[in-house]
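Shown below: protein-v2.cif, with mmCIF, N, CA and C atoms.
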data_my_file
#
loop_
_atom_site.group_PDB
_atom_site.id
_atom_site.type_symbol
_atom_site.label_atom_id
_atom_site.label_comp_id
_atom_site.auth_asym_id
_atom_site.auth_seq_id
_atom_site.Cartn_x
_atom_site.Cartn_y
_atom_site.Cartn_z
ATOM 1 N N MET A 172 -76.153 35.179 -46.529
ATOM 2 C CA MET A 172 -77.058 34.811 -45.455
ATOM 3 C C MET A 172 -76.360 35.076 -44.113
ATOM 4 N N LEU A 173 -77.093 35.572 -43.186
ATOM 5 C CA LEU A 173 -76.559 35.903 -41.875
ATOM 6 C C LEU A 173 -76.390 34.643 -41.032
ATOM 7 N N TRP A 174 -75.233 34.459 -40.469
ATOM 8 C CA TRP A 174 -74.965 33.308 -39.593
ATOM 9 C C TRP A 174 -75.421 33.697 -38.192
ATOM 10 N N ALA A 175 -76.685 33.418 -37.898
ATOM 11 C CA ALA A 175 -77.340 33.982 -36.730
ATOM 12 C C ALA A 175 -77.288 33.108 -35.482
ATOM 13 N N LYS A 176 -77.055 31.833 -35.623
ATOM 14 C CA LYS A 176 -77.119 30.921 -34.472
ATOM 15 C C LYS A 176 -75.742 30.353 -34.159
ATOM 16 N N ARG A 177 -75.580 30.005 -32.912
ATOM 17 C CA ARG A 177 -74.375 29.286 -32.486
ATOM 18 C C ARG A 177 -74.770 27.864 -32.124
ATOM 19 N N ILE A 178 -74.014 26.917 -32.631
ATOM 20 C CA ILE A 178 -74.228 25.521 -32.269
ATOM 21 C C ILE A 178 -72.926 24.956 -31.756
ATOM 22 N N GLY A 179 -73.019 23.884 -30.998
ATOM 23 C CA GLY A 179 -71.834 23.194 -30.514
ATOM 24 C C GLY A 179 -71.644 21.913 -31.296
ATOM 25 N N LEU A 180 -70.458 21.720 -31.836
ATOM 26 C CA LEU A 180 -70.112 20.465 -32.488
ATOM 27 C C LEU A 180 -69.381 19.602 -31.469
ATOM 28 N N VAL A 181 -69.903 18.407 -31.201
ATOM 29 C CA VAL A 181 -69.394 17.542 -30.138
ATOM 30 C C VAL A 181 -68.648 16.373 -30.764
ATOM 31 N N SER A 182 -67.393 16.200 -30.344
ATOM 32 C CA SER A 182 -66.539 15.185 -30.969
ATOM 33 C C SER A 182 -66.874 13.761 -30.536
ATOM 34 N N GLY A 183 -67.235 13.539 -29.278
ATOM 35 C CA GLY A 183 -67.572 12.197 -28.802
ATOM 36 C C GLY A 183 -66.401 11.231 -28.863
ATOM 37 N N LYS A 184 -65.214 11.670 -28.471
ATOM 38 C CA LYS A 184 -64.020 10.822 -28.528
ATOM 39 C C LYS A 184 -63.982 9.843 -27.365
ATOM 40 N N THR A 185 -63.416 8.668 -27.614
ATOM 41 C CA THR A 185 -63.233 7.656 -26.577
ATOM 42 C C THR A 185 -61.744 7.488 -26.327
ATOM 43 N N THR A 186 -61.356 7.601 -25.061
ATOM 44 C CA THR A 186 -59.958 7.409 -24.689
ATOM 45 C C THR A 186 -59.856 6.248 -23.704
ATOM 46 N N THR A 187 -58.654 5.766 -23.505
ATOM 47 C CA THR A 187 -58.413 4.669 -22.584
ATOM 48 C C THR A 187 -57.511 5.157 -21.455
ATOM 49 N N ASP A 188 -57.904 4.848 -20.198
ATOM 50 C CA ASP A 188 -57.079 5.264 -19.065
ATOM 51 C C ASP A 188 -55.959 4.241 -18.840
ATOM 52 N N ALA A 189 -55.173 4.450 -17.785
ATOM 53 C CA ALA A 189 -54.010 3.598 -17.501
ATOM 54 C C ALA A 189 -54.404 2.151 -17.226
ATOM 55 N N VAL A 190 -55.587 1.922 -16.699
ATOM 56 C CA VAL A 190 -56.044 0.573 -16.360
ATOM 57 C C VAL A 190 -56.629 -0.139 -17.586
ATOM 58 N N GLY A 191 -57.011 0.621 -18.599
ATOM 59 C CA GLY A 191 -57.605 0.037 -19.797
ATOM 60 C C GLY A 191 -59.090 0.298 -19.940
ATOM 61 N N ASN A 192 -59.664 1.074 -19.030
ATOM 62 C CA ASN A 192 -61.078 1.419 -19.126
ATOM 63 C C ASN A 192 -61.287 2.467 -20.213
ATOM 64 N N GLN A 193 -62.352 2.294 -20.977
ATOM 65 C CA GLN A 193 -62.672 3.287 -21.996
ATOM 66 C C GLN A 193 -63.498 4.403 -21.379
ATOM 67 N N ILE A 194 -63.077 5.622 -21.646
ATOM 68 C CA ILE A 194 -63.729 6.803 -21.092
ATOM 69 C C ILE A 194 -64.139 7.707 -22.252
ATOM 70 N N GLU A 195 -65.419 8.067 -22.294
ATOM 71 C CA GLU A 195 -65.883 9.002 -23.310
ATOM 72 C C GLU A 195 -65.640 10.418 -22.835
ATOM 73 N N SER A 196 -64.983 11.183 -23.685
ATOM 74 C CA SER A 196 -64.723 12.586 -23.359
ATOM 75 C C SER A 196 -65.244 13.435 -24.518
ATOM 76 N N ASP A 197 -66.307 14.142 -24.259
ATOM 77 C CA ASP A 197 -66.907 14.989 -25.278
ATOM 78 C C ASP A 197 -66.207 16.338 -25.298
ATOM 79 N N GLU A 198 -65.681 16.685 -26.450
ATOM 80 C CA GLU A 198 -65.101 18.006 -26.643
ATOM 81 C C GLU A 198 -66.057 18.796 -27.525
ATOM 82 N N THR A 199 -66.527 19.921 -27.017
ATOM 83 C CA THR A 199 -67.485 20.739 -27.748
ATOM 84 C C THR A 199 -66.819 22.035 -28.185
ATOM 85 N N ARG A 200 -67.046 22.381 -29.435
ATOM 86 C CA ARG A 200 -66.567 23.685 -29.916
ATOM 87 C C ARG A 200 -67.714 24.388 -30.615
ATOM 88 N N GLU A 201 -67.802 25.679 -30.400
ATOM 89 C CA GLU A 201 -68.904 26.461 -30.954
ATOM 90 C C GLU A 201 -68.560 26.981 -32.338
ATOM 91 N N VAL A 202 -69.564 26.930 -33.222
ATOM 92 C CA VAL A 202 -69.444 27.512 -34.555
ATOM 93 C C VAL A 202 -70.742 28.252 -34.860
ATOM 94 N N PHE A 203 -70.675 29.158 -35.809
ATOM 95 C CA PHE A 203 -71.874 29.845 -36.265
ATOM 96 C C PHE A 203 -72.567 28.990 -37.311
ATOM 97 N N ALA A 204 -73.902 29.011 -37.309
ATOM 98 C CA ALA A 204 -74.673 28.185 -38.233
ATOM 99 C C ALA A 204 -75.978 28.871 -38.597
ATOM 100 N N ASN A 205 -76.546 28.413 -39.672
ATOM 101 C CA ASN A 205 -77.903 28.792 -40.052
ATOM 102 C C ASN A 205 -78.799 27.594 -39.807
ATOM 103 N N VAL A 206 -80.014 27.853 -39.358
ATOM 104 C CA VAL A 206 -81.001 26.789 -39.198
ATOM 105 C C VAL A 206 -81.820 26.765 -40.484
ATOM 106 N N ILE A 207 -81.838 25.607 -41.138
ATOM 107 C CA ILE A 207 -82.535 25.437 -42.410
ATOM 108 C C ILE A 207 -83.876 24.771 -42.138
ATOM 109 N N ASN A 208 -84.932 25.303 -42.713
ATOM 110 C CA ASN A 208 -86.272 24.733 -42.530
ATOM 111 C C ASN A 208 -86.402 23.382 -43.218
ATOM 112 N N ILE A 209 -87.133 22.490 -42.578
ATOM 113 C CA ILE A 209 -87.465 21.190 -43.145
ATOM 114 C C ILE A 209 -88.972 21.184 -43.363
ATOM 115 N N THR A 210 -89.395 20.907 -44.582
ATOM 116 C CA THR A 210 -90.826 20.919 -44.888
ATOM 117 C C THR A 210 -91.504 19.714 -44.239
ATOM 118 N N ALA A 211 -92.807 19.792 -44.111
ATOM 119 C CA ALA A 211 -93.568 18.687 -43.515
ATOM 120 C C ALA A 211 -93.427 17.416 -44.343
ATOM 121 N N THR A 212 -93.436 17.548 -45.658
ATOM 122 C CA THR A 212 -93.284 16.387 -46.537
ATOM 123 C C THR A 212 -91.917 15.739 -46.350
ATOM 124 N N GLU A 213 -90.885 16.566 -46.276
ATOM 125 C CA GLU A 213 -89.533 16.048 -46.073
ATOM 126 C C GLU A 213 -89.392 15.406 -44.694
ATOM 127 N N ARG A 214 -90.012 16.001 -43.689
ATOM 128 C CA ARG A 214 -89.974 15.463 -42.328
ATOM 129 C C ARG A 214 -90.612 14.068 -42.294
ATOM 130 N N ILE A 215 -91.747 13.897 -42.980
ATOM 131 C CA ILE A 215 -92.410 12.589 -43.029
ATOM 132 C C ILE A 215 -91.526 11.576 -43.745
ATOM 133 N N ALA A 216 -90.913 12.001 -44.856
ATOM 134 C CA ALA A 216 -90.037 11.106 -45.610
ATOM 135 C C ALA A 216 -88.832 10.678 -44.784
ATOM 136 N N LEU A 217 -88.232 11.604 -44.060
ATOM 137 C CA LEU A 217 -87.069 11.275 -43.233
ATOM 138 C C LEU A 217 -87.440 10.306 -42.116
ATOM 139 N N THR A 218 -88.618 10.506 -41.521
ATOM 140 C CA THR A 218 -89.075 9.624 -40.446
ATOM 141 C C THR A 218 -89.365 8.239 -40.979
ATOM 142 N N GLN A 219 -90.008 8.151 -42.141
ATOM 143 C CA GLN A 219 -90.312 6.845 -42.732
ATOM 144 C C GLN A 219 -89.046 6.139 -43.189
ATOM 145 N N GLU A 220 -88.091 6.898 -43.704
ATOM 146 C CA GLU A 220 -86.824 6.325 -44.154
ATOM 147 C C GLU A 220 -86.109 5.625 -43.006
ATOM 148 N N ALA A 221 -86.218 6.190 -41.824
ATOM 149 C CA ALA A 221 -85.572 5.611 -40.651
ATOM 150 C C ALA A 221 -86.363 4.435 -40.102
ATOM 151 N N GLY A 222 -87.583 4.234 -40.603
ATOM 152 C CA GLY A 222 -88.426 3.167 -40.077
ATOM 153 C C GLY A 222 -88.859 3.438 -38.652
ATOM 154 N N PHE A 223 -88.986 4.717 -38.332
ATOM 155 C CA PHE A 223 -89.292 5.121 -36.962
ATOM 156 C C PHE A 223 -90.723 5.607 -36.880
ATOM 157 N N LYS A 224 -91.460 5.125 -35.919
ATOM 158 C CA LYS A 224 -92.872 5.487 -35.790
ATOM 159 C C LYS A 224 -93.129 6.470 -34.638
ATOM 160 N N GLY A 225 -92.119 6.783 -33.856
ATOM 161 C CA GLY A 225 -92.314 7.663 -32.709
ATOM 162 C C GLY A 225 -92.079 9.120 -33.060
ATOM 163 N N LEU A 226 -91.890 9.944 -32.062
ATOM 164 C CA LEU A 226 -91.704 11.370 -32.260
ATOM 165 C C LEU A 226 -90.225 11.703 -32.375
ATOM 166 N N LEU A 227 -89.893 12.390 -33.438
ATOM 167 C CA LEU A 227 -88.530 12.836 -33.664
ATOM 168 C C LEU A 227 -88.506 14.355 -33.721
ATOM 169 N N ASP A 228 -87.460 14.934 -33.179
ATOM 170 C CA ASP A 228 -87.179 16.353 -33.345
ATOM 171 C C ASP A 228 -86.070 16.418 -34.388
ATOM 172 N N ILE A 229 -86.393 16.898 -35.588
ATOM 173 C CA ILE A 229 -85.425 16.926 -36.691
ATOM 174 C C ILE A 229 -85.054 18.374 -36.977
ATOM 175 N N ARG A 230 -83.754 18.634 -37.061
ATOM 176 C CA ARG A 230 -83.243 19.983 -37.357
ATOM 177 C C ARG A 230 -82.189 19.869 -38.454
ATOM 178 N N ARG A 231 -82.073 20.926 -39.237
ATOM 179 C CA ARG A 231 -81.018 20.976 -40.253
ATOM 180 C C ARG A 231 -80.231 22.257 -40.047
ATOM 181 N N PHE A 232 -78.912 22.106 -40.037
ATOM 182 C CA PHE A 232 -78.014 23.239 -39.820
ATOM 183 C C PHE A 232 -77.071 23.365 -41.008
ATOM 184 N N GLU A 233 -76.734 24.599 -41.336
ATOM 185 C CA GLU A 233 -75.776 24.881 -42.395
ATOM 186 C C GLU A 233 -74.528 25.473 -41.752
ATOM 187 N N VAL A 234 -73.380 24.835 -41.966
ATOM 188 C CA VAL A 234 -72.106 25.321 -41.444
ATOM 189 C C VAL A 234 -71.089 25.315 -42.581
ATOM 190 N N TYR A 235 -70.003 26.038 -42.386
ATOM 191 C CA TYR A 235 -68.936 26.000 -43.375
ATOM 192 C C TYR A 235 -68.242 24.640 -43.322
ATOM 193 N N GLU A 236 -67.917 24.134 -44.501
ATOM 194 C CA GLU A 236 -67.286 22.813 -44.614
ATOM 195 C C GLU A 236 -65.972 22.753 -43.839
ATOM 196 N N ARG A 237 -65.212 23.827 -43.856
ATOM 197 C CA ARG A 237 -63.914 23.840 -43.170
ATOM 198 C C ARG A 237 -64.057 23.770 -41.644
ATOM 199 N N GLU A 238 -65.242 24.107 -41.116
ATOM 200 C CA GLU A 238 -65.457 24.074 -39.671
ATOM 201 C C GLU A 238 -65.990 22.741 -39.174
ATOM 202 N N TYR A 239 -66.441 21.889 -40.093
ATOM 203 C CA TYR A 239 -67.040 20.610 -39.696
ATOM 204 C C TYR A 239 -66.028 19.489 -39.895
ATOM 205 N N ASP A 240 -65.753 18.742 -38.818
ATOM 206 C CA ASP A 240 -64.765 17.661 -38.849
ATOM 207 C C ASP A 240 -65.436 16.329 -38.513
ATOM 208 N N PHE A 241 -66.602 16.077 -39.092
ATOM 209 C CA PHE A 241 -67.358 14.835 -38.924
ATOM 210 C C PHE A 241 -67.685 14.518 -37.462
ATOM 211 N N GLU A 242 -68.029 15.565 -36.701
ATOM 212 C CA GLU A 242 -68.480 15.360 -35.335
ATOM 213 C C GLU A 242 -69.834 14.646 -35.363
ATOM 214 N N PRO A 243 -70.055 13.673 -34.466
ATOM 215 C CA PRO A 243 -71.294 12.899 -34.500
ATOM 216 C C PRO A 243 -72.480 13.570 -33.807
ATOM 217 N N TYR A 244 -72.242 14.632 -33.030
ATOM 218 C CA TYR A 244 -73.325 15.262 -32.267
ATOM 219 C C TYR A 244 -73.302 16.776 -32.443
ATOM 220 N N VAL A 245 -74.480 17.373 -32.287
ATOM 221 C CA VAL A 245 -74.647 18.828 -32.332
ATOM 222 C C VAL A 245 -75.440 19.232 -31.100
ATOM 223 N N ILE A 246 -75.010 20.321 -30.454
ATOM 224 C CA ILE A 246 -75.756 20.909 -29.343
ATOM 225 C C ILE A 246 -76.415 22.178 -29.870
ATOM 226 N N TYR A 247 -77.748 22.241 -29.710
ATOM 227 C CA TYR A 247 -78.495 23.423 -30.138
ATOM 228 C C TYR A 247 -79.623 23.642 -29.143
ATOM 229 N N ALA A 248 -79.735 24.836 -28.636
ATOM 230 C CA ALA A 248 -80.772 25.203 -27.657
ATOM 231 C C ALA A 248 -80.748 24.245 -26.463
ATOM 232 N N ASP A 249 -79.551 23.935 -25.987
ATOM 233 C CA ASP A 249 -79.326 23.060 -24.827
ATOM 234 C C ASP A 249 -79.856 21.637 -25.049
ATOM 235 N N LYS A 250 -79.956 21.198 -26.291
ATOM 236 C CA LYS A 250 -80.391 19.843 -26.607
ATOM 237 C C LYS A 250 -79.330 19.184 -27.481
ATOM 238 N N LYS A 251 -79.100 17.908 -27.249
ATOM 239 C CA LYS A 251 -78.089 17.173 -27.997
ATOM 240 C C LYS A 251 -78.745 16.378 -29.128
ATOM 241 N N TYR A 252 -78.307 16.629 -30.348
ATOM 242 C CA TYR A 252 -78.818 15.971 -31.542
ATOM 243 C C TYR A 252 -77.746 15.058 -32.122
ATOM 244 N N THR A 253 -78.173 13.982 -32.752
ATOM 245 C CA THR A 253 -77.272 13.082 -33.464
ATOM 246 C C THR A 253 -77.264 13.488 -34.930
ATOM 247 N N VAL A 254 -76.069 13.610 -35.506
ATOM 248 C CA VAL A 254 -75.976 13.934 -36.929
ATOM 249 C C VAL A 254 -76.417 12.704 -37.706
ATOM 250 N N TRP A 255 -77.421 12.893 -38.537
ATOM 251 C CA TRP A 255 -78.077 11.800 -39.237
ATOM 252 C C TRP A 255 -77.663 11.746 -40.702
ATOM 253 N N ALA A 256 -77.509 12.909 -41.324
ATOM 254 C CA ALA A 256 -77.122 12.984 -42.732
ATOM 255 C C ALA A 256 -76.277 14.233 -42.960
ATOM 256 N N ILE A 257 -75.345 14.122 -43.889
ATOM 257 C CA ILE A 257 -74.455 15.221 -44.237
ATOM 258 C C ILE A 257 -74.602 15.472 -45.739
ATOM 259 N N GLN A 258 -74.919 16.724 -46.101
ATOM 260 C CA GLN A 258 -75.068 17.080 -47.504
ATOM 261 C C GLN A 258 -74.128 18.235 -47.840
ATOM 262 N N PRO A 259 -73.128 17.995 -48.695
ATOM 263 C CA PRO A 259 -72.259 19.096 -49.104
ATOM 264 C C PRO A 259 -73.004 20.073 -50.007
ATOM 265 N N LYS A 260 -72.833 21.351 -49.759
ATOM 266 C CA LYS A 260 -73.444 22.423 -50.544
ATOM 267 C C LYS A 260 -72.370 23.474 -50.824
ATOM 268 N N HIS A 261 -71.604 23.300 -51.902
ATOM 269 C CA HIS A 261 -70.508 24.179 -52.290
ATOM 270 C C HIS A 261 -69.474 24.214 -51.161
ATOM 271 N N GLU A 262 -69.206 25.366 -50.570
ATOM 272 C CA GLU A 262 -68.242 25.427 -49.463
ATOM 273 C C GLU A 262 -68.913 25.241 -48.107
ATOM 274 N N LYS A 263 -70.190 24.916 -48.139
ATOM 275 C CA LYS A 263 -70.953 24.702 -46.901
ATOM 276 C C LYS A 263 -71.426 23.259 -46.815
ATOM 277 N N VAL A 264 -71.900 22.882 -45.630
ATOM 278 C CA VAL A 264 -72.412 21.535 -45.393
ATOM 279 C C VAL A 264 -73.735 21.668 -44.657
ATOM 280 N N TRP A 265 -74.722 20.890 -45.084
ATOM 281 C CA TRP A 265 -75.988 20.803 -44.351
ATOM 282 C C TRP A 265 -75.939 19.574 -43.470
ATOM 283 N N LEU A 266 -76.171 19.764 -42.179
ATOM 284 C CA LEU A 266 -76.212 18.672 -41.211
ATOM 285 C C LEU A 266 -77.663 18.441 -40.819
ATOM 286 N N THR A 267 -78.193 17.301 -41.193
ATOM 287 C CA THR A 267 -79.549 16.941 -40.773
ATOM 288 C C THR A 267 -79.394 16.131 -39.497
ATOM 289 N N CYS A 268 -80.011 16.608 -38.437
ATOM 290 C CA CYS A 268 -79.822 16.018 -37.114
ATOM 291 C C CYS A 268 -81.167 15.585 -36.541
ATOM 292 N N ARG A 269 -81.127 14.588 -35.683
ATOM 293 C CA ARG A 269 -82.360 14.114 -35.063
ATOM 294 C C ARG A 269 -82.151 13.892 -33.574
ATOM 295 N N ARG A 270 -83.273 13.963 -32.874
ATOM 296 C CA ARG A 270 -83.289 13.719 -31.429
ATOM 297 C C ARG A 270 -84.622 13.106 -31.102
ATOM 298 N N LEU A 271 -84.592 11.988 -30.400
ATOM 299 C CA LEU A 271 -85.845 11.402 -29.931
ATOM 300 C C LEU A 271 -86.445 12.323 -28.883
ATOM 301 N N ILE A 272 -87.733 12.532 -28.965
ATOM 302 C CA ILE A 272 -88.400 13.411 -27.999
ATOM 303 C C ILE A 272 -88.246 12.848 -26.595
ATOM 304 N N SER A 273 -88.154 11.528 -26.469
ATOM 305 C CA SER A 273 -87.992 10.918 -25.148
ATOM 306 C C SER A 273 -86.595 11.126 -24.587
ATOM 307 N N ASP A 274 -85.589 11.514 -25.440
ATOM 308 C CA ASP A 274 -84.247 11.796 -24.954
ATOM 309 C C ASP A 274 -84.261 13.133 -24.246
ATOM 310 N N VAL A 275 -84.173 13.124 -22.944
ATOM 311 C CA VAL A 275 -84.239 14.375 -22.198
ATOM 312 C C VAL A 275 -82.898 14.694 -21.606
#
Translate the structure of the given file into structure tokens.
Amino acid sequence: MLWAKRIGLVSGKTTTDAVGNQIESDETREVFANVINITATERIALTQEAGFKGLLDIRRFEVYEREYDFEPYVIYADKKYTVWAIQPKHEKVWLTCRRLISDV
């Protein structure tokens, strides 16, 4: 399969400065990924599983397992998604991500 898309994996690390304040520093690194289709039935099931009644933008990405280091966020098409589920698939990983439509 052709790795046609680039996504950003965002680490979301928290560091502490000299005074003791916590500072979030997002480190983003780009990797190649495939966008995996989510069926309408699966989309409804995922939304109901979360107990969410509003609008969700759900995406699934396939990346190599060696490139994914449990980053909590994905950047795709200039939008930030939260990694919701991780499914190992041989040497690859499927990342199911969600974004509230109201998150702009």
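Under the PyMOL selection byres ((chain A and resi 262) around 7), the matching residues in the shown file are Val234, Tyr235, Glu236, Arg237, Pro259, Lys260, His261, Lys263 and Val264 of chain A.
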Using all atoms of region 246-251 of chain A that appear in the file, construct an axis-aligned enclosing box with 6 Å of padding on every side and provide its centre coordinates and edge lengths in Å, rounded to one decimal, as JSON.
{"center_x": -77.9, "center_y": 20.8, "center_z": -27.6, "size_x": 17.8, "size_y": 20.8, "size_z": 17.6}
Evaluating the PyMOL selection byres ((chain A and resi 256) around 5) on the displayed file yields which residues, as a ChimeraX atom specification? /A:254-255,257-258,266-267
Closest pair table for region 190-275 of chain A residues within 6 Å of region 183-186 of chain A, all atoms listed in the file, as a tab-separated table:
residue	atom	partner	partner_atom	distance
A:Asn192	C	A:Thr186	C	5.3
A:Gln193	CA	A:Thr186	C	4.4
A:Ile194	N	A:Thr186	C	3.9
A:Glu195	CA	A:Thr185	CA	4.4
A:Ser196	N	A:Lys184	C	4.0
A:Asp197	CA	A:Gly183	N	4.3
A:Glu198	N	A:Gly183	N	4.5
A:Pro243	N	A:Gly183	N	5.9
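Of the listed residues (A:Ala211, A:Asp240, A:Thr199, A:Tyr247), A:Tyr247 comes nearest to Arg177 (chain A); the distances count only N, CA and C atoms.
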So how far away is CA of Ala204 (chain A) from atom N of Ile229 (chain A), in Å? 16.5 Å
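Between CA of Arg200 (chain A) and atom C of Thr187 (chain A) lies a distance of 22.3 Å.
A straight line drawn from CA of Lys251 (chain A) to CA of Val181 (chain A) is 9.0 Å long.
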Please identify which residues in chain A DSSP calls helix (DSSP H, G or I) from the backbone, and express them as a PyMOL selection string. chain A and resi 211-220+236-238
Please determine, counting all atoms listed in the file, which residue among A:Leu227, A:Ile215, A:Ala175, A:Ile207 has the shortest atom-to-atom distance to Arg269 (chain A). A:Leu227
